[in-house]
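A.B. asks: Sharing work_9.cif, mmCIF, C-alpha atoms:
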data_target
#
loop_
_atom_site.group_PDB
_atom_site.id
_atom_site.type_symbol
_atom_site.label_atom_id
_atom_site.label_comp_id
_atom_site.auth_asym_id
_atom_site.auth_seq_id
_atom_site.Cartn_x
_atom_site.Cartn_y
_atom_site.Cartn_z
ATOM 1 C CA MET A 1 136.484 283.374 37.743
ATOM 2 C CA ALA A 2 135.227 284.087 34.226
ATOM 3 C CA ASP A 3 131.751 285.455 33.726
ATOM 4 C CA LYS A 4 129.078 282.812 33.479
ATOM 5 C CA ASN A 5 127.298 282.174 30.212
ATOM 6 C CA GLN A 6 123.793 283.597 30.100
ATOM 7 C CA LEU A 7 120.854 281.200 29.788
ATOM 8 C CA LEU A 8 117.229 282.327 29.563
ATOM 9 C CA PHE A 9 114.536 279.764 30.352
ATOM 10 C CA ILE A 10 110.949 280.673 29.401
ATOM 11 C CA GLU A 11 108.156 278.293 30.442
ATOM 12 C CA ASP A 12 104.656 278.873 31.812
ATOM 13 C CA GLU A 13 103.817 275.326 32.972
ATOM 14 C CA GLY A 14 104.896 274.795 36.570
ATOM 15 C CA TYR A 15 105.764 271.090 36.438
ATOM 16 C CA VAL A 16 107.912 271.598 33.315
ATOM 17 C CA ALA A 17 109.635 274.636 34.828
ATOM 18 C CA ALA A 18 110.407 272.674 38.000
ATOM 19 C CA ARG A 19 111.859 269.672 36.144
ATOM 20 C CA VAL A 20 113.937 271.808 33.766
ATOM 21 C CA GLY A 21 115.153 273.825 36.767
ATOM 22 C CA GLU A 22 116.487 270.592 38.274
ATOM 23 C CA ILE A 23 118.254 269.756 34.997
ATOM 24 C CA LEU A 24 119.767 273.251 34.706
ATOM 25 C CA ALA A 25 121.145 273.025 38.254
ATOM 26 C CA ALA A 26 123.674 270.498 36.920
ATOM 27 C CA PHE A 27 125.200 273.187 34.673
ATOM 28 C CA PRO A 28 127.028 275.653 36.943
ATOM 29 C CA GLN A 29 128.635 277.411 33.970
ATOM 30 C CA PHE A 30 125.297 279.081 33.222
ATOM 31 C CA GLU A 31 123.699 282.003 34.957
ATOM 32 C CA VAL A 32 120.049 281.018 34.567
ATOM 33 C CA THR A 33 117.222 283.526 34.305
ATOM 34 C CA SER A 34 113.799 281.854 34.484
ATOM 35 C CA LEU A 35 110.607 283.571 33.374
ATOM 36 C CA ASP A 36 107.006 282.446 32.991
ATOM 37 C CA ASP A 37 105.678 285.630 31.377
ATOM 38 C CA ALA A 38 105.879 286.426 27.644
ATOM 39 C CA GLU A 39 105.979 290.218 28.098
ATOM 40 C CA LYS A 40 108.850 290.028 30.590
ATOM 41 C CA ALA A 41 110.696 287.667 28.259
ATOM 42 C CA ARG A 42 110.258 290.081 25.325
ATOM 43 C CA ALA A 43 111.563 292.987 27.391
ATOM 44 C CA LEU A 44 114.564 291.028 28.670
ATOM 45 C CA LEU A 45 115.483 289.761 25.195
ATOM 46 C CA ASP A 46 115.376 293.367 23.948
ATOM 47 C CA GLU A 47 117.622 294.413 26.819
ATOM 48 C CA LYS A 48 120.459 291.873 26.883
ATOM 49 C CA PRO A 49 122.040 289.035 24.913
ATOM 50 C CA PHE A 50 121.835 285.395 25.959
ATOM 51 C CA ASP A 51 124.069 282.503 24.961
ATOM 52 C CA ILE A 52 121.258 279.953 25.273
ATOM 53 C CA VAL A 53 117.489 280.373 25.249
ATOM 54 C CA ILE A 54 115.247 277.477 26.237
ATOM 55 C CA SER A 55 111.596 278.243 25.577
ATOM 56 C CA ASP A 56 108.236 276.602 25.297
ATOM 57 C CA ILE A 57 107.168 276.791 21.651
ATOM 58 C CA TYR A 58 103.830 278.295 22.729
ATOM 59 C CA LEU A 59 103.312 280.579 25.721
ATOM 60 C CA ARG A 60 100.345 282.687 26.697
ATOM 61 C CA GLY A 61 100.675 285.776 24.521
ATOM 62 C CA ALA A 62 103.680 284.727 22.438
ATOM 63 C CA SER A 63 105.350 282.208 20.202
ATOM 64 C CA GLY A 64 108.719 280.724 20.998
ATOM 65 C CA LEU A 65 109.665 281.524 17.392
ATOM 66 C CA GLU A 66 109.459 285.214 18.267
ATOM 67 C CA PHE A 67 111.868 284.653 21.163
ATOM 68 C CA SER A 68 114.219 282.749 18.875
ATOM 69 C CA HIS A 69 114.398 285.664 16.439
ATOM 70 C CA LYS A 70 114.838 288.221 19.244
ATOM 71 C CA ALA A 71 117.615 286.173 20.876
ATOM 72 C CA ARG A 72 119.519 285.902 17.605
ATOM 73 C CA GLU A 73 119.119 289.635 16.927
ATOM 74 C CA LYS A 74 121.099 290.357 20.123
ATOM 75 C CA ASN A 75 123.528 287.441 19.754
ATOM 76 C CA LYS A 76 123.783 285.875 16.308
ATOM 77 C CA ASN A 77 125.351 282.795 17.920
ATOM 78 C CA ALA A 78 122.567 282.317 20.468
ATOM 79 C CA CYS A 79 121.540 278.689 20.810
ATOM 80 C CA VAL A 80 117.763 278.250 20.989
ATOM 81 C CA ILE A 81 116.187 275.046 22.274
ATOM 82 C CA PHE A 82 112.419 274.583 22.248
ATOM 83 C CA ILE A 83 110.233 272.562 24.563
ATOM 84 C CA THR A 84 107.023 271.388 22.940
ATOM 85 C CA GLY A 85 104.001 269.209 23.486
ATOM 86 C CA LEU A 86 103.380 266.229 21.229
ATOM 87 C CA ASP A 87 100.880 268.213 19.175
ATOM 88 C CA ASN A 88 103.491 270.896 18.391
ATOM 89 C CA VAL A 89 106.264 268.710 16.984
ATOM 90 C CA ASP A 90 105.720 270.020 13.433
ATOM 91 C CA MET A 91 106.093 273.605 14.651
ATOM 92 C CA ALA A 92 109.251 272.705 16.567
ATOM 93 C CA ALA A 93 110.706 271.025 13.477
ATOM 94 C CA LYS A 94 109.933 274.206 11.524
ATOM 95 C CA ALA A 95 111.725 276.229 14.211
ATOM 96 C CA VAL A 96 114.833 274.073 13.840
ATOM 97 C CA LYS A 97 114.758 274.709 10.090
ATOM 98 C CA GLU A 98 114.632 278.444 10.897
ATOM 99 C CA GLY A 99 117.707 278.306 13.101
ATOM 100 C CA ALA A 100 116.789 276.784 16.458
ATOM 101 C CA PHE A 101 119.370 274.281 17.701
ATOM 102 C CA ASP A 102 116.973 271.511 18.747
ATOM 103 C CA PHE A 103 113.743 270.712 20.567
ATOM 104 C CA VAL A 104 112.504 268.320 23.239
ATOM 105 C CA VAL A 105 109.024 266.924 23.725
ATOM 106 C CA LYS A 106 107.459 267.385 27.145
ATOM 107 C CA PRO A 107 107.174 265.662 29.465
ATOM 108 C CA PRO A 108 108.863 262.426 28.371
ATOM 109 C CA GLY A 109 111.640 264.083 26.375
ATOM 110 C CA LEU A 110 112.751 266.519 29.061
ATOM 111 C CA GLU A 111 115.546 264.169 30.112
ATOM 112 C CA ARG A 112 117.064 264.704 26.647
ATOM 113 C CA LEU A 113 117.628 268.354 27.548
ATOM 114 C CA ALA A 114 120.688 267.522 29.669
ATOM 115 C CA SER A 115 122.306 265.726 26.714
ATOM 116 C CA ILE A 116 121.534 268.614 24.381
ATOM 117 C CA LEU A 117 123.033 271.122 26.829
ATOM 118 C CA LYS A 118 126.183 269.006 27.203
ATOM 119 C CA MET A 119 126.544 268.913 23.434
ATOM 120 C CA VAL A 120 125.946 272.665 23.112
ATOM 121 C CA THR A 121 128.540 273.490 25.751
ATOM 122 C CA LEU A 122 131.141 271.427 23.928
ATOM 123 C CA VAL A 123 130.261 272.491 20.370
ATOM 124 C CA ARG A 124 129.897 276.170 21.230
ATOM 125 C CA GLY A 125 132.799 276.278 23.701
ATOM 126 C CA LEU A 126 130.592 277.354 26.600
ATOM 127 C CA THR A 127 132.051 274.947 29.160
ATOM 128 C CA ARG A 128 134.230 276.801 31.650
ATOM 129 C CA PRO A 129 135.681 275.335 34.799
ATOM 130 C CA GLU A 130 136.224 277.544 37.835
ATOM 131 C CA ASP A 131 139.658 278.731 36.683
ATOM 132 C CA GLY A 132 138.179 280.310 33.554
ATOM 133 C CA THR A 133 139.868 278.084 30.990
ATOM 134 C CA GLN A 134 137.956 276.241 28.349
ATOM 135 C CA GLN A 135 137.635 272.489 28.697
ATOM 136 C CA PRO A 136 138.782 270.298 25.770
#
Before we go any further, please render this structure as structure tokens.

C.D. replies:
Amino acid sequence: MADKNQLLFIEDEGYVAARVGEILAAFPQFEVTSLDDAEKARALLDEKPFDIVISDIYLRGASGLEFSHKAREKNKNACVIFITGLDNVDMAAKAVKEGAFDFVVKPPGLERLASILKMVTLVRGLTRPEDGTQQP
């Protein structure tokens, strides 16, 4: 079997992390690393490349924008998706202008995340069935 694509999920709100975890379970082509700590996320992003990074736009001690830049330093093709509260939509829109792929608004918009991930896997060629070939 081919190596799984690397996905980093960074979120410090428990209910959001739980719901997104359920959504990510439907994507077996990703090896998911979940963190709720900004310092650990910084260290991991310095250490290894990720294909997809899903992050809250604001975490205790960090900005999701920082994680976006770090992810794209290690992998220029990294796809960054932000999760934001209603009061942060302007910041998320700014992040998209700076290279993030998209954003979802929590909690009502979390269901959109599955659609975004499906689109990313097709557009970026990250969908791999068990035999290691790429799906059309």

A.B. asks: Identify, on the basis of all atoms listed in the file, every residue whose closest approach to A:Leu65 does not exceed 9 Å; exclude the query and any residue fewer than 6 positions from it along the same chain; express the result as a ChimeraX atom specification.

C.D. replies: /A:57-58,82,92,95,98,100

A.B. asks: Let me know the residues the PyMOL selection byres ((chain A and resi 28-36) around 6) catches in the file above, as a CSV table (one decimal) with C-alpha atoms, in the coordinates of the input.

C.D. replies:
chain,number,residue,atom,x,y,z
A,4,LYS,CA,129.1,282.8,33.5
A,5,ASN,CA,127.3,282.2,30.2
A,6,GLN,CA,123.8,283.6,30.1
A,7,LEU,CA,120.9,281.2,29.8
A,8,LEU,CA,117.2,282.3,29.6
A,9,PHE,CA,114.5,279.8,30.4
A,10,ILE,CA,110.9,280.7,29.4
A,11,GLU,CA,108.2,278.3,30.4
A,12,ASP,CA,104.7,278.9,31.8
A,27,PHE,CA,125.2,273.2,34.7
A,37,ASP,CA,105.7,285.6,31.4

A.B. asks: Please measure the separation of atom CA of A:Gly85 and atom CA of A:Phe103, giving the value in Å to one decimal.

C.D. replies: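 Rounded to one decimal, the two atoms are 10.3 Å apart.
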
A.B. asks: Which one is closest to A:Ser63: A:Val96, A:Val89, A:Ala38, A:Val16? Count all atoms listed in the file.

C.D. replies: A:Ala38

A.B. asks: Name the closest residue to A:Leu45 among the candidates A:Arg124, A:Lys76, A:Lys94, A:His69; distances are taken between atoms, counting all atoms listed in the file.

C.D. replies: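 Closest candidate: A:His69.
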
A.B. asks: Any idea what the distance is between atom CA of A:Ser55 and atom CA of A:Val20?

C.D. replies: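 Value for the atom CA of A:Ser55-atom CA of A:Val20 distance: 10.7 Å.
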
A.B. asks: Take the PyMOL selection byres ((chain A and resi 84) around 6), apply it to the structure above, and return the hits as a VMD selection string.

C.D. replies: chain A and resid 56 to 57 83 85 88 105 to 106

A.B. asks: Could you take the residues named above and write them with C-alpha atoms, as a PDB file, keeping the file's coordinate frame?

C.D. replies:
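Contents of result_6.pdb, as written:
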ATOM      1  CA  ASP A  56     108.236 276.602  25.297  1.00  0.00           C
ATOM      2  CA  ILE A  57     107.168 276.791  21.651  1.00  0.00           C
ATOM      3  CA  ILE A  83     110.233 272.562  24.563  1.00  0.00           C
ATOM      4  CA  GLY A  85     104.001 269.209  23.486  1.00  0.00           C
ATOM      5  CA  ASN A  88     103.491 270.896  18.391  1.00  0.00           C
ATOM      6  CA  VAL A 105     109.024 266.924  23.725  1.00  0.00           C
ATOM      7  CA  LYS A 106     107.459 267.385  27.145  1.00  0.00           C
TER       8      LYS A 106
END

A.B. asks: Please enumerate the residues selected by the PyMOL selection byres ((chain A and resi 46-52) around 6) when evaluated against the supplied file, formatted as a list of chain:residue names.

C.D. replies: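 With the PyMOL selection byres ((chain A and resi 46-52) around 6) on this model, the match is A:Gln6, A:Leu7, A:Ala43, A:Leu44, A:Leu45, A:Val53, A:Lys74, A:Asn75, A:Ala78, A:Cys79, A:Val80.
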
A.B. asks: Which one is closest to A:Ser115: A:Gly99, A:Ala26, A:Arg42, A:Glu13? Count only C-alpha atoms.

C.D. replies: A:Ala26

A.B. asks: Which one of A:Phe67, A:Pro107, A:Lys40, A:Asp102 sits closest to A:Met119 if you count all atoms listed in the file?

C.D. replies: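 For A:Met119, the nearest of the candidates is A:Asp102.
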
A.B. asks: Go ahead and compute the interatomic distance for atom CA of A:Gly14 and atom CA of A:Thr121, in Å to one decimal.

C.D. replies: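 Atom-to-atom, atom CA of A:Gly14 to atom CA of A:Thr121, that is 26.0 Å.
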
A.B. asks: Considering all atoms listed in the file, state which residue in the set A:Val123, A:Val104, A:Ala41, A:Met91 is at the smallest distance from A:Arg60.

C.D. replies: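 Looking only at the distances to A:Arg60, the closest residue turns out to be A:Ala41.
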